[in-house]
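Everything below belongs to coords_17.csv, which stores CSV, N, CA and C atoms.
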chain,number,residue,atom,x,y,z
Q,1,MET,N,-34.4,7.6,100.9
Q,1,MET,CA,-35.5,7.9,100.0
Q,1,MET,C,-36.4,6.6,99.8
Q,2,SER,N,-37.6,6.7,100.1
Q,2,SER,CA,-38.5,5.5,100.0
Q,2,SER,C,-39.1,5.5,98.6
Q,3,VAL,N,-39.6,4.3,98.3
Q,3,VAL,CA,-40.2,4.0,97.0
Q,3,VAL,C,-41.6,3.6,97.2
Q,4,ASN,N,-42.6,4.2,96.5
Q,4,ASN,CA,-43.9,3.6,96.7
Q,4,ASN,C,-44.3,2.8,95.4
Q,5,ILE,N,-45.3,2.0,95.5
Q,5,ILE,CA,-45.6,1.0,94.5
Q,5,ILE,C,-45.8,1.7,93.1
Q,6,ASP,N,-46.3,3.0,93.1
Q,6,ASP,CA,-46.5,3.7,91.8
Q,6,ASP,C,-45.2,4.0,91.1
Q,7,THR,N,-44.1,4.1,91.9
Q,7,THR,CA,-42.8,4.4,91.2
Q,7,THR,C,-41.9,3.2,91.0
Q,8,VAL,N,-42.4,2.1,91.5
Q,8,VAL,CA,-41.5,0.9,91.4
Q,8,VAL,C,-41.1,0.6,89.9
Q,9,GLU,N,-42.1,0.7,89.0
Q,9,GLU,CA,-41.8,0.4,87.6
Q,9,GLU,C,-40.7,1.3,87.1
Q,10,GLU,N,-40.8,2.6,87.4
Q,10,GLU,CA,-39.8,3.5,86.8
Q,10,GLU,C,-38.4,3.2,87.5
Q,11,LYS,N,-38.4,2.8,88.8
Q,11,LYS,CA,-37.2,2.6,89.5
Q,11,LYS,C,-36.6,1.3,89.0
Q,12,LEU,N,-37.4,0.3,88.6
Q,12,LEU,CA,-36.8,-0.9,88.0
Q,12,LEU,C,-36.1,-0.6,86.7
Q,13,VAL,N,-36.6,0.4,86.0
Q,13,VAL,CA,-35.9,0.8,84.8
Q,13,VAL,C,-34.7,1.6,85.1
Q,14,SER,N,-34.8,2.6,85.9
Q,14,SER,CA,-33.7,3.5,86.2
Q,14,SER,C,-32.6,2.9,87.1
Q,15,GLU,N,-32.9,2.1,88.1
Q,15,GLU,CA,-32.0,1.6,89.0
Q,15,GLU,C,-31.5,0.2,88.7
Q,16,VAL,N,-32.3,-0.6,88.1
Q,16,VAL,CA,-32.0,-2.0,87.9
Q,16,VAL,C,-31.7,-2.3,86.4
Q,17,GLY,N,-32.0,-1.3,85.5
Q,17,GLY,CA,-31.6,-1.5,84.1
Q,17,GLY,C,-32.6,-2.3,83.3
Q,18,LEU,N,-33.8,-2.5,83.8
Q,18,LEU,CA,-34.8,-3.2,83.0
Q,18,LEU,C,-35.4,-2.3,81.9
Q,19,SER,N,-35.9,-2.9,80.8
Q,19,SER,CA,-36.6,-2.1,79.9
Q,19,SER,C,-38.0,-1.9,80.5
Q,20,LEU,N,-38.8,-0.9,80.0
Q,20,LEU,CA,-40.1,-0.7,80.5
Q,20,LEU,C,-41.0,-1.9,80.5
Q,21,ILE,N,-41.0,-2.6,79.3
Q,21,ILE,CA,-41.8,-3.8,79.2
Q,21,ILE,C,-41.3,-4.9,80.1
Q,22,GLN,N,-40.0,-5.1,80.3
Q,22,GLN,CA,-39.5,-6.1,81.3
Q,22,GLN,C,-40.0,-5.7,82.7
Q,23,ALA,N,-40.0,-4.5,83.1
Q,23,ALA,CA,-40.5,-4.0,84.4
Q,23,ALA,C,-42.0,-4.4,84.5
Q,24,LYS,N,-42.7,-4.1,83.5
Q,24,LYS,CA,-44.2,-4.4,83.5
Q,24,LYS,C,-44.4,-5.9,83.7
Q,25,VAL,N,-43.7,-6.7,83.0
Q,25,VAL,CA,-43.9,-8.2,83.1
Q,25,VAL,C,-43.5,-8.6,84.5
Q,26,PHE,N,-42.3,-8.2,84.9
Q,26,PHE,CA,-41.8,-8.6,86.2
Q,26,PHE,C,-42.9,-8.2,87.3
Q,27,LEU,N,-43.4,-7.0,87.3
Q,27,LEU,CA,-44.3,-6.6,88.3
Q,27,LEU,C,-45.6,-7.3,88.2
Q,28,LEU,N,-46.1,-7.6,87.0
Q,28,LEU,CA,-47.3,-8.4,86.8
Q,28,LEU,C,-47.2,-9.7,87.5
Q,29,ILE,N,-46.1,-10.4,87.3
Q,29,ILE,CA,-45.9,-11.7,87.9
Q,29,ILE,C,-45.7,-11.6,89.4
Q,30,VAL,N,-44.9,-10.6,89.9
Q,30,VAL,CA,-44.7,-10.5,91.3
Q,30,VAL,C,-46.1,-10.3,92.0
Q,31,THR,N,-46.9,-9.5,91.4
Q,31,THR,CA,-48.2,-9.1,92.1
Q,31,THR,C,-49.3,-10.0,91.8
Q,32,ASN,N,-49.2,-11.0,90.9
Q,32,ASN,CA,-50.3,-11.9,90.5
Q,32,ASN,C,-49.9,-13.4,90.7
Q,33,GLY,N,-48.6,-13.7,90.9
Q,33,GLY,CA,-48.2,-15.0,91.0
Q,33,GLY,C,-47.9,-15.6,89.6
Q,34,ARG,N,-47.6,-16.9,89.6
Q,34,ARG,CA,-47.2,-17.6,88.4
Q,34,ARG,C,-48.2,-17.3,87.2
Q,35,MET,N,-47.6,-17.1,86.0
Q,35,MET,CA,-48.4,-16.8,84.9
Q,35,MET,C,-47.8,-17.4,83.6
Q,36,SER,N,-48.7,-17.7,82.7
Q,36,SER,CA,-48.3,-18.2,81.4
Q,36,SER,C,-48.0,-17.1,80.5
Q,37,ALA,N,-47.2,-17.3,79.4
Q,37,ALA,CA,-47.0,-16.3,78.4
Q,37,ALA,C,-48.3,-15.8,77.8
Q,38,LYS,N,-49.2,-16.7,77.7
Q,38,LYS,CA,-50.5,-16.3,77.1
Q,38,LYS,C,-51.2,-15.3,78.0
Q,39,ASP,N,-51.2,-15.6,79.3
Q,39,ASP,CA,-51.8,-14.6,80.3
Q,39,ASP,C,-51.1,-13.3,80.3
Q,40,ILE,N,-49.8,-13.3,80.3
Q,40,ILE,CA,-49.0,-12.1,80.3
Q,40,ILE,C,-49.4,-11.3,79.0
Q,41,ALA,N,-49.4,-12.0,77.9
Q,41,ALA,CA,-49.7,-11.3,76.6
Q,41,ALA,C,-51.1,-10.6,76.7
Q,42,SER,N,-52.1,-11.3,77.2
Q,42,SER,CA,-53.4,-10.7,77.1
Q,42,SER,C,-53.5,-9.6,78.2
Q,43,ARG,N,-52.8,-9.7,79.3
Q,43,ARG,CA,-52.9,-8.6,80.3
Q,43,ARG,C,-52.2,-7.4,79.9
Q,44,LEU,N,-51.1,-7.5,79.1
Q,44,LEU,CA,-50.3,-6.4,78.7
Q,44,LEU,C,-50.5,-5.9,77.3
Q,45,GLY,N,-51.3,-6.7,76.5
Q,45,GLY,CA,-51.5,-6.3,75.1
Q,45,GLY,C,-50.3,-6.5,74.2
Q,46,ILE,N,-49.6,-7.5,74.5
Q,46,ILE,CA,-48.4,-7.9,73.6
Q,46,ILE,C,-48.6,-9.3,73.1
Q,47,SER,N,-47.8,-9.7,72.1
Q,47,SER,CA,-47.9,-11.0,71.5
Q,47,SER,C,-47.4,-12.1,72.5
Q,48,GLU,N,-48.0,-13.3,72.4
Q,48,GLU,CA,-47.5,-14.4,73.2
Q,48,GLU,C,-46.0,-14.6,73.0
Q,49,ASN,N,-45.6,-14.5,71.8
Q,49,ASN,CA,-44.1,-14.7,71.5
Q,49,ASN,C,-43.3,-13.7,72.3
Q,50,ASP,N,-43.7,-12.4,72.2
Q,50,ASP,CA,-43.0,-11.4,73.0
Q,50,ASP,C,-43.0,-11.6,74.5
Q,51,ALA,N,-44.2,-12.1,75.0
Q,51,ALA,CA,-44.3,-12.4,76.4
Q,51,ALA,C,-43.3,-13.5,76.8
Q,52,THR,N,-43.2,-14.5,75.9
Q,52,THR,CA,-42.2,-15.6,76.2
Q,52,THR,C,-40.8,-15.1,76.2
Q,53,LEU,N,-40.4,-14.3,75.1
Q,53,LEU,CA,-39.1,-13.7,75.0
Q,53,LEU,C,-38.7,-12.8,76.2
Q,54,ILE,N,-39.7,-12.0,76.6
Q,54,ILE,CA,-39.4,-11.1,77.8
Q,54,ILE,C,-39.3,-11.9,79.1
Q,55,GLY,N,-40.2,-12.9,79.2
Q,55,GLY,CA,-40.0,-13.8,80.4
Q,55,GLY,C,-38.7,-14.5,80.5
Q,56,LYS,N,-38.2,-15.0,79.3
Q,56,LYS,CA,-36.9,-15.6,79.2
Q,56,LYS,C,-35.8,-14.6,79.5
Q,57,SER,N,-35.9,-13.4,79.1
Q,57,SER,CA,-34.9,-12.4,79.3
Q,57,SER,C,-34.9,-12.1,80.8
Q,58,LEU,N,-36.0,-12.1,81.5
Q,58,LEU,CA,-36.0,-11.9,82.9
Q,58,LEU,C,-35.5,-13.1,83.7
Q,59,ILE,N,-35.6,-14.2,83.2
Q,59,ILE,CA,-34.9,-15.4,83.8
Q,59,ILE,C,-33.4,-15.2,83.7
Q,60,ASP,N,-32.9,-14.8,82.5
Q,60,ASP,CA,-31.5,-14.5,82.3
Q,60,ASP,C,-31.0,-13.4,83.2
Q,61,LEU,N,-31.8,-12.4,83.5
Q,61,LEU,CA,-31.4,-11.3,84.4
Q,61,LEU,C,-31.6,-11.7,85.9
Q,62,GLY,N,-32.1,-12.8,86.2
Q,62,GLY,CA,-32.2,-13.3,87.6
Q,62,GLY,C,-33.5,-12.9,88.3
Q,63,GLY,N,-34.5,-12.4,87.6
Q,63,GLY,CA,-35.7,-12.0,88.3
Q,63,GLY,C,-36.8,-13.1,88.3
Q,64,LEU,N,-36.8,-13.9,87.3
Q,64,LEU,CA,-37.9,-14.9,87.2
Q,64,LEU,C,-37.3,-16.3,87.1
Q,65,ILE,N,-38.1,-17.3,87.4
Q,65,ILE,CA,-37.7,-18.7,87.2
Q,65,ILE,C,-38.8,-19.3,86.2
Q,66,ASP,N,-38.4,-20.2,85.4
Q,66,ASP,CA,-39.4,-20.9,84.5
Q,66,ASP,C,-39.9,-22.1,85.2
Q,67,ILE,N,-41.2,-22.2,85.2
Q,67,ILE,CA,-41.9,-23.3,85.7
Q,67,ILE,C,-42.0,-24.4,84.6
Q,68,THR,N,-42.5,-23.9,83.4
Q,68,THR,CA,-42.5,-24.7,82.2
Q,68,THR,C,-41.9,-23.8,81.1
Q,69,LYS,N,-41.9,-24.3,79.9
Q,69,LYS,CA,-41.4,-23.5,78.8
Q,69,LYS,C,-42.1,-22.2,78.6
Q,70,THR,N,-43.4,-22.2,79.0
Q,70,THR,CA,-44.2,-21.0,78.8
Q,70,THR,C,-44.9,-20.4,80.1
Q,71,GLU,N,-44.4,-20.9,81.2
Q,71,GLU,CA,-44.9,-20.4,82.5
Q,71,GLU,C,-43.8,-19.8,83.3
Q,72,PHE,N,-44.1,-18.7,83.9
Q,72,PHE,CA,-43.0,-18.0,84.6
Q,72,PHE,C,-43.5,-17.6,86.1
Q,73,GLU,N,-42.5,-17.6,87.0
Q,73,GLU,CA,-42.8,-17.2,88.3
Q,73,GLU,C,-41.6,-16.4,88.8
Q,74,SER,N,-41.9,-15.4,89.7
Q,74,SER,CA,-40.9,-14.6,90.3
Q,74,SER,C,-40.3,-15.3,91.5
Q,75,MET,N,-39.0,-15.0,91.6
Q,75,MET,CA,-38.4,-15.4,92.9
Q,75,MET,C,-38.8,-14.3,93.9
Q,76,HIS,N,-38.6,-14.6,95.2
Q,76,HIS,CA,-38.9,-13.6,96.2
Q,76,HIS,C,-38.3,-12.3,95.8
Q,77,PRO,N,-39.0,-11.1,95.9
Q,77,PRO,CA,-38.5,-9.9,95.5
Q,77,PRO,C,-37.1,-9.5,96.1
Q,78,ARG,N,-36.9,-9.9,97.4
Q,78,ARG,CA,-35.6,-9.6,98.0
Q,78,ARG,C,-34.4,-10.2,97.2
Q,79,PHE,N,-34.7,-11.4,96.6
Q,79,PHE,CA,-33.6,-12.1,95.8
Q,79,PHE,C,-33.7,-11.5,94.4
Q,80,ALA,N,-34.9,-11.5,93.8
Q,80,ALA,CA,-35.0,-11.1,92.4
Q,80,ALA,C,-34.5,-9.8,92.1
Q,81,VAL,N,-34.8,-8.8,92.9
Q,81,VAL,CA,-34.4,-7.4,92.6
Q,81,VAL,C,-32.9,-7.2,92.7
Q,82,VAL,N,-32.4,-7.8,93.8
Q,82,VAL,CA,-30.9,-7.7,94.0
Q,82,VAL,C,-30.2,-8.5,92.9
Q,83,ASN,N,-30.7,-9.6,92.5
Q,83,ASN,CA,-30.1,-10.4,91.4
Q,83,ASN,C,-30.0,-9.6,90.2
Q,84,MET,N,-31.1,-8.9,89.8
Q,84,MET,CA,-31.2,-8.2,88.6
Q,84,MET,C,-30.2,-6.9,88.7
Q,85,TYR,N,-30.2,-6.3,89.9
Q,85,TYR,CA,-29.3,-5.2,90.1
Q,85,TYR,C,-27.8,-5.6,90.0
Q,86,ARG,N,-27.5,-6.7,90.6
Q,86,ARG,CA,-26.1,-7.3,90.5
Q,86,ARG,C,-25.7,-7.5,89.1
Q,87,ARG,N,-26.6,-8.2,88.3
Q,87,ARG,CA,-26.3,-8.5,86.9
Q,87,ARG,C,-26.1,-7.2,86.1
Q,88,MET,N,-27.0,-6.2,86.4
Q,88,MET,CA,-26.8,-4.9,85.7
Q,88,MET,C,-25.5,-4.3,86.0
Q,89,CYS,N,-25.1,-4.3,87.3
Q,89,CYS,CA,-23.7,-3.8,87.7
Q,89,CYS,C,-22.6,-4.5,86.9
Q,90,ASN,N,-22.7,-5.8,86.8
Q,90,ASN,CA,-21.7,-6.6,86.0
Q,90,ASN,C,-21.7,-6.2,84.6
Q,91,ARG,N,-22.9,-6.0,84.0
Q,91,ARG,CA,-23.0,-5.6,82.5
Q,91,ARG,C,-22.4,-4.2,82.3
Q,92,GLU,N,-22.7,-3.3,83.2
Q,92,GLU,CA,-22.3,-1.9,83.1
Q,92,GLU,C,-20.9,-1.7,83.7
Q,93,LYS,N,-20.3,-2.7,84.2
Q,93,LYS,CA,-19.0,-2.6,84.9
Q,93,LYS,C,-19.0,-1.6,86.0
Q,94,ILE,N,-20.0,-1.6,86.8
Q,94,ILE,CA,-20.2,-0.8,88.0
Q,94,ILE,C,-19.9,-1.6,89.2
Q,95,GLN,N,-19.3,-1.1,90.2
Q,95,GLN,CA,-19.0,-1.9,91.4
Q,95,GLN,C,-20.4,-2.1,92.1
Q,96,PHE,N,-20.6,-3.4,92.4
Q,96,PHE,CA,-21.8,-3.8,93.1
Q,96,PHE,C,-21.7,-3.4,94.5
Q,97,LYS,N,-22.6,-2.6,95.0
Q,97,LYS,CA,-22.6,-2.3,96.5
Q,97,LYS,C,-24.1,-2.0,96.9
Q,98,LYS,N,-24.3,-1.9,98.2
Q,98,LYS,CA,-25.6,-1.7,98.7
Q,98,LYS,C,-26.2,-0.5,98.0
Q,99,ASN,N,-27.5,-0.6,97.6
Q,99,ASN,CA,-28.2,0.5,97.0
Q,99,ASN,C,-29.6,0.6,97.8
Q,100,ILE,N,-29.7,1.6,98.5
Q,100,ILE,CA,-30.9,1.8,99.4
Q,100,ILE,C,-32.2,1.7,98.5
Q,101,LEU,N,-32.2,2.4,97.3
Q,101,LEU,CA,-33.3,2.4,96.4
Q,101,LEU,C,-33.7,1.0,96.0
Q,102,VAL,N,-32.7,0.2,95.6
Q,102,VAL,CA,-32.9,-1.2,95.2
Q,102,VAL,C,-33.5,-2.0,96.4
Q,103,ASP,N,-33.0,-1.8,97.6
Q,103,ASP,CA,-33.5,-2.5,98.7
Q,103,ASP,C,-35.0,-2.1,99.0
Q,104,ASN,N,-35.3,-0.8,98.8
Q,104,ASN,CA,-36.6,-0.3,99.0
Q,104,ASN,C,-37.6,-0.9,98.0
Q,105,ILE,N,-37.2,-1.1,96.8
Q,105,ILE,CA,-38.0,-1.7,95.8
Q,105,ILE,C,-38.4,-3.1,96.3
Q,106,SER,N,-37.4,-3.8,96.8
Q,106,SER,CA,-37.6,-5.2,97.3
Q,106,SER,C,-38.7,-5.2,98.4
Q,107,ILE,N,-38.5,-4.3,99.3
Q,107,ILE,CA,-39.4,-4.2,100.5
Q,107,ILE,C,-40.8,-3.9,100.0
Q,108,VAL,N,-41.0,-2.9,99.1
Q,108,VAL,CA,-42.3,-2.5,98.6
Q,108,VAL,C,-43.0,-3.7,98.0
Q,109,LEU,N,-42.2,-4.5,97.3
Q,109,LEU,CA,-42.8,-5.7,96.5
Q,109,LEU,C,-43.1,-6.9,97.4
Q,110,GLU,N,-42.6,-6.9,98.6
Q,110,GLU,CA,-42.8,-8.1,99.4
Q,110,GLU,C,-44.2,-8.4,99.7
Q,111,LYS,N,-45.0,-7.4,100.2
Q,111,LYS,CA,-46.4,-7.7,100.5
Q,111,LYS,C,-47.2,-8.1,99.3
Q,112,PRO,N,-47.2,-7.4,98.2
Q,112,PRO,CA,-47.9,-7.9,97.0
Q,112,PRO,C,-47.5,-9.3,96.6
Q,113,TYR,N,-46.2,-9.6,96.7
Q,113,TYR,CA,-45.7,-10.9,96.4
Q,113,TYR,C,-46.3,-12.0,97.3
Q,114,ASP,N,-46.3,-11.7,98.6
Q,114,ASP,CA,-46.8,-12.7,99.5
Q,114,ASP,C,-48.3,-12.8,99.4
Q,115,ASP,N,-49.0,-11.7,99.2
Q,115,ASP,CA,-50.5,-11.7,99.0
Q,115,ASP,C,-50.9,-12.5,97.8
Q,116,ALA,N,-50.2,-12.4,96.7
Q,116,ALA,CA,-50.5,-13.1,95.5
Q,116,ALA,C,-50.3,-14.6,95.7
Q,117,ARG,N,-49.5,-15.0,96.6
Q,117,ARG,CA,-49.2,-16.5,96.8
Q,117,ARG,C,-49.9,-17.1,98.0
Q,118,THR,N,-50.7,-16.3,98.7
Q,118,THR,CA,-51.5,-16.8,99.9
Q,118,THR,C,-53.0,-16.5,99.7
Q,119,LYS,N,-53.5,-16.5,98.5
Q,119,LYS,CA,-54.9,-16.3,98.3
Q,119,LYS,C,-55.7,-17.4,98.8

Rendering of file as structure tokens:
Amino acid sequence: MSVNIDTVEEKLVSEVGLSLIQAKVFLLIVTNGRMSAKDIASRLGISENDATLIGKSLIDLGGLIDITKTEFESMHPRFAVVNMYRRMCNREKIQFKKNILVDNISIVLEKPYDDARTK
């Protein structure tokens, strides 16, 4: 089963265990490159404090890295999505194994990730 960019957000929620707002923040950074909490907040209509907390939660989940206390960047999607999936498996006490849907999410995100970093 393949995943298109329109369903990536919902698959990050259903397959990787992110909340909807975590998925939105993760995808925003993957597709736009490094962002400050202030930029995330204005793009998604949330508070700067919420953007910071969500960014930090995505660091804890293995999807983002912090550049500064208020700036976030995504790891390469191949690593980020699998990291987040692995940690979800650990939390849910599910055996971690290859998941084609998770792999497809990574593949779909590679081009937008690369494009955002080679402008």

**OP:** Please indicate the distance in Å from atom C of Ala80 in chain Q to atom C of Ile59 in chain Q, rounded to one decimal place.
**Re:**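 We find that atom C of Ala80 in chain Q and atom C of Ile59 in chain Q lie 10.0 Å from each other.
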
**OP:** For each of Q:Leu12, Q:Ile21, Q:Ile65, Q:Leu27, take the minimum atom-to-atom distance to Val82 in chain Q, counting only C-alpha atoms, then give the residue where this is smallest.
**Re:** Q:Leu12

**OP:** Mind giving me the straight-line distance from atom C of Pro112 in chain Q to atom N of Asn90 in chain Q in Å, one decimal?
**Re:** 26.9 Å

Subject >> Between CA of Leu61 in chain Q and CA of Ile29 in chain Q - distance in Å to one decimal >> reply: 14.9 Å

Original post:
Which one is closest to Phe79 in chain Q: Q:Leu53, Q:Arg117, Q:Asp66, Q:Ser106? Count only N, CA and C atoms.
Top reply: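 Ranking Q:Leu53, Q:Arg117, Q:Asp66, Q:Ser106 by distance to Phe79 in chain Q, first place goes to Q:Ser106.
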
**OP:** From range 8-113 of chain Q, collect each residue whose DSSP state is strand (DSSP E) and return the set as JSON, numbers by chain.
**Re:** {"Q": [35, 36, 64, 65, 66, 67, 68, 71, 72, 73, 74]}

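Counting all atoms listed in the file and comparing Q:Ser19, Q:Thr52, Q:Thr7, Q:Ser14, the residue that lies closest to Glu71 in chain Q is Q:Thr52.
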
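Closest approach to Asp114 in chain Q among Q:Ile100, Q:Gln95, Q:Met35, Q:Pro77: Q:Pro77, based on all atoms listed in the file.
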
**OP:** Output as a PyMOL selection string all residues of chain Q that backbone DSSP marks as helix (DSSP H, G or I).
**Re:** chain Q and resi 5-14+20-32+37-44+48-60+77-92+100-117

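Nearest residue to Leu64 in chain Q among Q:Leu109, Q:Thr118, Q:Val81, Q:Lys11 is Q:Val81, counting only N, CA and C atoms.
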